[in-house]
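Asker: Pasting in a structure now, in structure tokens, and then I'll have a few things to ask.
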Amino acid sequence: MTVFGVVLSTLIMMFAWGDLSTARAEVRIDITRGVVEALPLAVTDFHGVVAPEQDVGRKIAEVISANLERSGLFRPLDKRAFIQTAASLRVRPRFSDWRVINAQALIQGNVKLQQDGRLRVEFRLWDVFSEAQMTGLAYFTEPANWRRVAHIISDAIYKRVTGESGYFDTRVVFVAESGPARRRIKRLAIMDQDGANHRFLTDGSNLVLTPRFSPTLQEITYLSYFNDKPRVYLFEIESGRQELLGGFKGMTFAPRFTSDGKSVLMSYAKEGNSDIWRMDLSTRRPTQLTKHSAIDTSPSAAPDGDQIAFNSDRGGKPQLYVMDRNGANVRRISFGRGRYSTPVWSPRGDLIAFTKQTAGKFHIGVMRPDGSGERILTESFLDEAPTWAPNGRIIMFFRQTPSDNKGKGGTSRLYSIDLTGHNLREVITPGDASDPAWSPLIP
């Protein structure tokens, strides 16, 4: 059974509470607008009878509250202002008690340890002003999985209020960095999207870069230097097994899975020239997609698999290009001032994120696949390596901050930002971090 399957085999969604067909709730957030006023809501501790239940119930509420607050769309109210107790909420909310503290939505729940050792977690989301239940679900799981239940509940609330899928039940793989600049140790690391459950996947004996998730969530492809030569590897998360991808005689780098997970796109440098190749994972047969005297790198396939975005200096400086899946019909899509790199297709297929360098600054931006609608979201000394949340609304990247005016030293941290260019947040990691990759939603 897989690492993810261990959790899923013990997590079962049971039923919806209440007559939702009659609930016509008015609480709604339009996340397509540039600036959204955060929705004030109350997240109560999930009620439990005995101390272990109460402890889990409190922690579940804390994770839900933190998830929703970090999205920038919700404003959890201070629990010290609550009038009604969690115990009395089991009967029915006194909506006047919640209106008086200006809560527009209310989240309540219950936690119960079953005789077979499993944990039953129930929650309800209420519209305070219409006094209607918006959604309600119950889950059975092992007690150790309480945090994942909290993420799944957060996703359900996000989707019910915004109309779009959440992104909380996900993981992030990244490069954890430590040590002095000239002897930098870079290890693969993985964590939940909120920074919890952090662990290292490699020991740091070999330099690693650009990890990317497979759509199946069970494998990561990444670049590793072995004997000072860059090679593309596959890493199986459950077993820790590492496998060299292909027997190329030159350098291979910038790997990324195709959307179906059956192939890996990468750059292959031969005799000083770099082109885009595809490696079929079942046959291990490579196919060359570009053949140009310029440097072609950083391939990223569209969600439908029909097109590939990549970076090339064939126009004189690094710009973004798109081609058909077989390498035909190459066309340039970036025409702004500066140097463009690291294109990454949105999971929705509507946008391509990129890194842009201009006027001594680095930026994270987005544009449509035809190059129109370019928007810059960030600016700093060094912003790089965008990766999308699975709902296509949030972008994570890493930011390097220099320690002196010559750009030396400093720190490297992960950040996230909303597609609108608002809600910039640091993603907390134990130390320096770079090259993040966001997983799909865990099935």
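In the structure tokens, chains take letters A, B, ... by order of appearance, with residues numbered from 1 within each chain and ligands from 1 in the order shown.
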Report as CSV: every residue of segment 172-283 of chain A with an atom at most 6 Å from segment 288-305 of chain A, its closest pair of atoms, and their distance in Å to one decimal, counting only C-alpha atoms, with rows sorted by chain and ascending residue number.
Answerer:
```
residue,atom,partner,partner_atom,distance
A:Ala254,CA,A:Ser298,CA,5.3
A:Thr258,CA,A:Ala301,CA,5.6
A:Ser259,CA,A:Pro303,CA,5.4
A:Ser267,CA,A:Thr297,CA,5.2
A:Ser274,CA,A:Ile295,CA,4.8
A:Asp275,CA,A:Asp296,CA,4.9
A:Ile276,CA,A:Thr290,CA,5.4
A:Trp277,CA,A:Gln288,CA,4.4
```
Asker: Neighbours of Ala176 of chain A within 9 Å (only C-alpha atoms; same-chain residues fewer than 5 positions away dropped), as an MDAnalysis selection string?
Answerer: chainID A and resid 185:189 200 429:435
Asker: Those same residues, written as an mmCIF file, in the first residue's frame with N, CA and C atoms?
Answerer:
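Below is the file that was written, result.cif:
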```cif
data_model
loop_
_atom_site.group_PDB
_atom_site.id
_atom_site.type_symbol
_atom_site.label_atom_id
_atom_site.label_comp_id
_atom_site.auth_asym_id
_atom_site.auth_seq_id
_atom_site.Cartn_x
_atom_site.Cartn_y
_atom_site.Cartn_z
ATOM 1 N N ILE A 185 24.508 22.470 1.350
ATOM 2 C CA ILE A 185 23.880 21.148 1.352
ATOM 3 C C ILE A 185 22.436 21.323 0.908
ATOM 4 N N LYS A 186 22.035 20.560 -0.114
ATOM 5 C CA LYS A 186 20.679 20.650 -0.639
ATOM 6 C C LYS A 186 20.052 19.268 -0.636
ATOM 7 N N ARG A 187 18.950 19.147 0.123
ATOM 8 C CA ARG A 187 18.266 17.862 0.260
ATOM 9 C C ARG A 187 16.822 17.972 -0.202
ATOM 10 N N LEU A 188 16.293 16.883 -0.724
ATOM 11 C CA LEU A 188 14.870 16.834 -1.007
ATOM 12 C C LEU A 188 14.108 16.761 0.308
ATOM 13 N N ALA A 189 13.043 17.532 0.409
ATOM 14 C CA ALA A 189 12.193 17.500 1.600
ATOM 15 C C ALA A 189 10.738 17.560 1.163
ATOM 16 N N PHE A 200 12.809 14.846 5.531
ATOM 17 C CA PHE A 200 13.783 14.834 4.448
ATOM 18 C C PHE A 200 13.666 13.530 3.673
ATOM 19 N N THR A 429 9.186 26.991 6.679
ATOM 20 C CA THR A 429 9.993 25.779 6.605
ATOM 21 C C THR A 429 11.045 25.821 7.711
ATOM 22 N N PRO A 430 11.598 24.664 8.103
ATOM 23 C CA PRO A 430 12.571 24.660 9.208
ATOM 24 C C PRO A 430 13.819 25.488 8.927
ATOM 25 N N GLY A 431 14.220 25.592 7.657
ATOM 26 C CA GLY A 431 15.401 26.358 7.297
ATOM 27 C C GLY A 431 15.228 26.963 5.922
ATOM 28 N N ASP A 432 16.336 27.255 5.263
ATOM 29 C CA ASP A 432 16.268 27.793 3.914
ATOM 30 C C ASP A 432 15.627 26.778 2.971
ATOM 31 N N ALA A 433 14.925 27.292 1.955
ATOM 32 C CA ALA A 433 14.188 26.416 1.046
ATOM 33 C C ALA A 433 14.123 27.047 -0.331
ATOM 34 N N SER A 434 14.079 26.202 -1.366
ATOM 35 C CA SER A 434 13.971 26.678 -2.746
ATOM 36 C C SER A 434 13.278 25.614 -3.588
ATOM 37 N N ASP A 435 13.021 25.951 -4.860
ATOM 38 C CA ASP A 435 12.479 25.015 -5.847
ATOM 39 C C ASP A 435 11.255 24.245 -5.343
#
```
Asker: One decimal, Å: what's the distance from atom CA of Asn227 of chain A over to atom CA of Phe174 of chain A, could you say?
Answerer: 22.3 Å
Asker: Could you write out, as a VMD selection string, all the residues of segment 295-422 of chain A that DSSP marks as strand (DSSP E or B)?
Answerer: chain A and resid 296 to 301 307 to 312 319 to 324 331 to 332 339 to 345 352 to 358 361 to 367 375 to 376 380 382 to 388 394 to 401 411 to 418
Asker: Using only C-alpha atoms, find each residue in segment 60-174 of chain A having at least one atom no more than 8 Å away from segment 50-56 of chain A; report its shortest atom-to-atom pair and that distance in Å (one decimal), rows by chain then rising number, as a Markdown table.
Answerer:
```
| residue | atom | partner | partner_atom | distance |
| --- | --- | --- | --- | --- |
| A:Ile60 | CA | A:Val56 | CA | 6.1 |
| A:Val111 | CA | A:Glu53 | CA | 5.7 |
| A:Lys112 | CA | A:Glu53 | CA | 6.2 |
| A:Leu113 | CA | A:Glu53 | CA | 6.8 |
| A:Trp146 | CA | A:Val56 | CA | 7.1 |
```
Asker: Could you write those residues out with C-alpha atoms, as a PDB file, in the first residue's frame?
Answerer:
```pdb
ATOM      1  CA  ILE A  60      -8.788  20.288  14.288  1.00  0.00           C
ATOM      2  CA  VAL A 111     -15.285  14.452  17.857  1.00  0.00           C
ATOM      3  CA  LYS A 112     -16.051  10.990  19.193  1.00  0.00           C
ATOM      4  CA  LEU A 113     -13.741   8.039  19.846  1.00  0.00           C
ATOM      5  CA  TRP A 146      -6.900  14.031  12.526  1.00  0.00           C
TER       6      TRP A 146
END
```
Asker: Tell me which protein, DNA and RNA residues are within 6 Å of Leu265 of chain A, counting only C-alpha atoms, leaving out same-chain ones fewer than 4 positions away, and put them as a ChimeraX atom specification.
Answerer: /A:255-256,277-278
Asker: Write out as JSON, numbers by chain the residues lying within 12 Å of Gln114 of chain A, counting only C-alpha atoms and excluding same-chain residues fewer than 2 positions away.
Answerer: {"A": [53, 111, 112, 116, 117, 118, 119, 120, 121, 139, 140, 141, 142, 143]}
Asker: Go through A:Arg171, A:Arg92, A:Arg28, A:His47 and flag the residue nearest Leu441 of chain A, using only C-alpha atoms for the distances.
Answerer: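 Looking at the shortest contact to Leu441 of chain A, the residue is A:Arg171.
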Asker: Using DSSP on the backbone coordinates, identify the residues of segment 103-282 of chain A assigned to helix (DSSP H, G or I); present them as a PDB file with C-alpha atoms, in the first residue's frame.
Answerer:
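The new file selection-v8.pdb reads:
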```
ATOM      1  CA  PRO A 143      -6.896   9.163  15.485  1.00  0.00           C
ATOM      2  CA  ALA A 144      -3.425   9.849  14.044  1.00  0.00           C
ATOM      3  CA  ASN A 145      -5.053  11.156  10.856  1.00  0.00           C
ATOM      4  CA  TRP A 146      -6.900  14.031  12.526  1.00  0.00           C
ATOM      5  CA  ARG A 147      -4.775  16.650  10.730  1.00  0.00           C
ATOM      6  CA  ARG A 148      -5.682  15.343   7.292  1.00  0.00           C
ATOM      7  CA  VAL A 149      -9.371  15.366   8.255  1.00  0.00           C
ATOM      8  CA  ALA A 150      -8.939  19.041   9.163  1.00  0.00           C
ATOM      9  CA  HIS A 151      -7.492  19.743   5.701  1.00  0.00           C
ATOM     10  CA  ILE A 152     -10.342  17.903   3.970  1.00  0.00           C
ATOM     11  CA  ILE A 153     -12.918  19.841   5.992  1.00  0.00           C
ATOM     12  CA  SER A 154     -11.104  23.086   5.082  1.00  0.00           C
ATOM     13  CA  ASP A 155     -11.356  22.141   1.394  1.00  0.00           C
ATOM     14  CA  ALA A 156     -15.089  21.424   1.742  1.00  0.00           C
ATOM     15  CA  ILE A 157     -15.688  24.826   3.349  1.00  0.00           C
ATOM     16  CA  TYR A 158     -13.559  26.660   0.772  1.00  0.00           C
ATOM     17  CA  LYS A 159     -15.428  25.022  -2.104  1.00  0.00           C
ATOM     18  CA  ARG A 160     -18.870  25.662  -0.609  1.00  0.00           C
ATOM     19  CA  VAL A 161     -18.199  29.365  -0.060  1.00  0.00           C
ATOM     20  CA  THR A 162     -16.108  30.180  -3.160  1.00  0.00           C
ATOM     21  CA  ALA A 181      27.366  29.292   0.452  1.00  0.00           C
ATOM     22  CA  ARG A 182      30.450  27.488  -0.854  1.00  0.00           C
ATOM     23  CA  ARG A 183      29.515  24.173   0.762  1.00  0.00           C
TER      24      ARG A 183
END
```
Asker: What's around segment 339-356 of chain A at 9 Å? Count only C-alpha atoms, leave out sequence neighbours fewer than 3 positions away in its own chain, and write the answer as a ChimeraX atom specification.
Answerer: /A:297-304,308-312,317-321,334,336,361-369,371,376,383-393,395,440
Asker: Write the residues of the selection above to a file with C-alpha atoms, as a tab-separated table (two decimals), in the first residue's frame.
Answerer:
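The resulting file, part34.tsv, is reproduced below:
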```
chain	number	residue	atom	x	y	z
A	297	THR	CA	14.98	24.27	-21.53
A	298	SER	CA	12.31	24.26	-18.74
A	299	PRO	CA	9.54	22.33	-20.56
A	300	SER	CA	6.03	22.27	-19.05
A	301	ALA	CA	3.09	20.40	-20.59
A	302	ALA	CA	-0.45	21.78	-20.71
A	303	PRO	CA	-3.03	19.89	-18.61
A	304	ASP	CA	-4.57	18.35	-21.74
A	308	ILE	CA	4.34	22.31	-24.23
A	309	ALA	CA	5.66	25.63	-22.96
A	310	PHE	CA	9.42	26.09	-22.74
A	311	ASN	CA	12.18	28.65	-22.42
A	312	SER	CA	14.59	29.42	-25.27
A	317	LYS	CA	17.65	36.34	-25.05
A	318	PRO	CA	15.56	33.96	-22.92
A	319	GLN	CA	11.88	34.12	-23.88
A	320	LEU	CA	8.85	31.86	-23.58
A	321	TYR	CA	7.68	29.62	-26.40
A	334	SER	CA	6.58	36.57	-24.54
A	336	GLY	CA	7.93	42.20	-22.97
A	361	LYS	CA	14.73	42.81	-10.21
A	362	PHE	CA	13.09	39.40	-10.41
A	363	HIS	CA	9.35	38.91	-10.77
A	364	ILE	CA	6.76	36.15	-10.79
A	365	GLY	CA	4.09	36.74	-13.42
A	366	VAL	CA	1.38	35.06	-15.46
A	367	MET	CA	0.16	35.28	-19.05
A	368	ARG	CA	-2.32	33.47	-21.25
A	369	PRO	CA	-1.00	30.63	-23.44
A	371	GLY	CA	1.06	35.52	-24.64
A	376	ILE	CA	3.34	40.78	-12.82
A	383	ASP	CA	11.90	35.57	-6.98
A	384	GLU	CA	12.00	32.31	-8.91
A	385	ALA	CA	10.51	28.87	-9.63
A	386	PRO	CA	6.70	29.33	-9.57
A	387	THR	CA	4.48	26.32	-8.87
A	388	TRP	CA	0.67	26.19	-8.90
A	389	ALA	CA	-1.79	25.06	-6.27
A	390	PRO	CA	-4.02	22.35	-7.79
A	391	ASN	CA	-6.98	24.73	-8.04
A	392	GLY	CA	-5.00	27.21	-10.15
A	393	ARG	CA	-5.63	30.14	-7.77
A	395	ILE	CA	1.24	30.33	-6.81
A	440	PRO	CA	-2.24	17.60	-6.81
```
Asker: Can you tell me which residues surround segment 123-125 of chain A at a distance of at most 6 Å, considering only C-alpha atoms, apart from same-chain residues fewer than 5 positions away, and format the answer as a count of residues only?
Answerer: 9
Asker: For a test of reading the model, state the distance in Å between atom CA of Phe398 of chain A and atom CA of Phe253 of chain A, rounded to one decimal.
Answerer: 19.1 Å
Asker: Can you list, as a PyMOL selection string, every protein, DNA or RNA residue that comes within 10 Å of Gly72 of chain A when you count only C-alpha atoms, leaving out same-chain residues fewer than 3 positions away?
Answerer: chain A and resi 36-39+67-69+75+417-418+422-425
Asker: Rounded to one decimal, what separation in Å do you get between atom CA of Tyr222 of chain A and atom CA of Thr210 of chain A?
Answerer: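 Atom CA of Tyr222 of chain A sits 5.4 Å away from atom CA of Thr210 of chain A.
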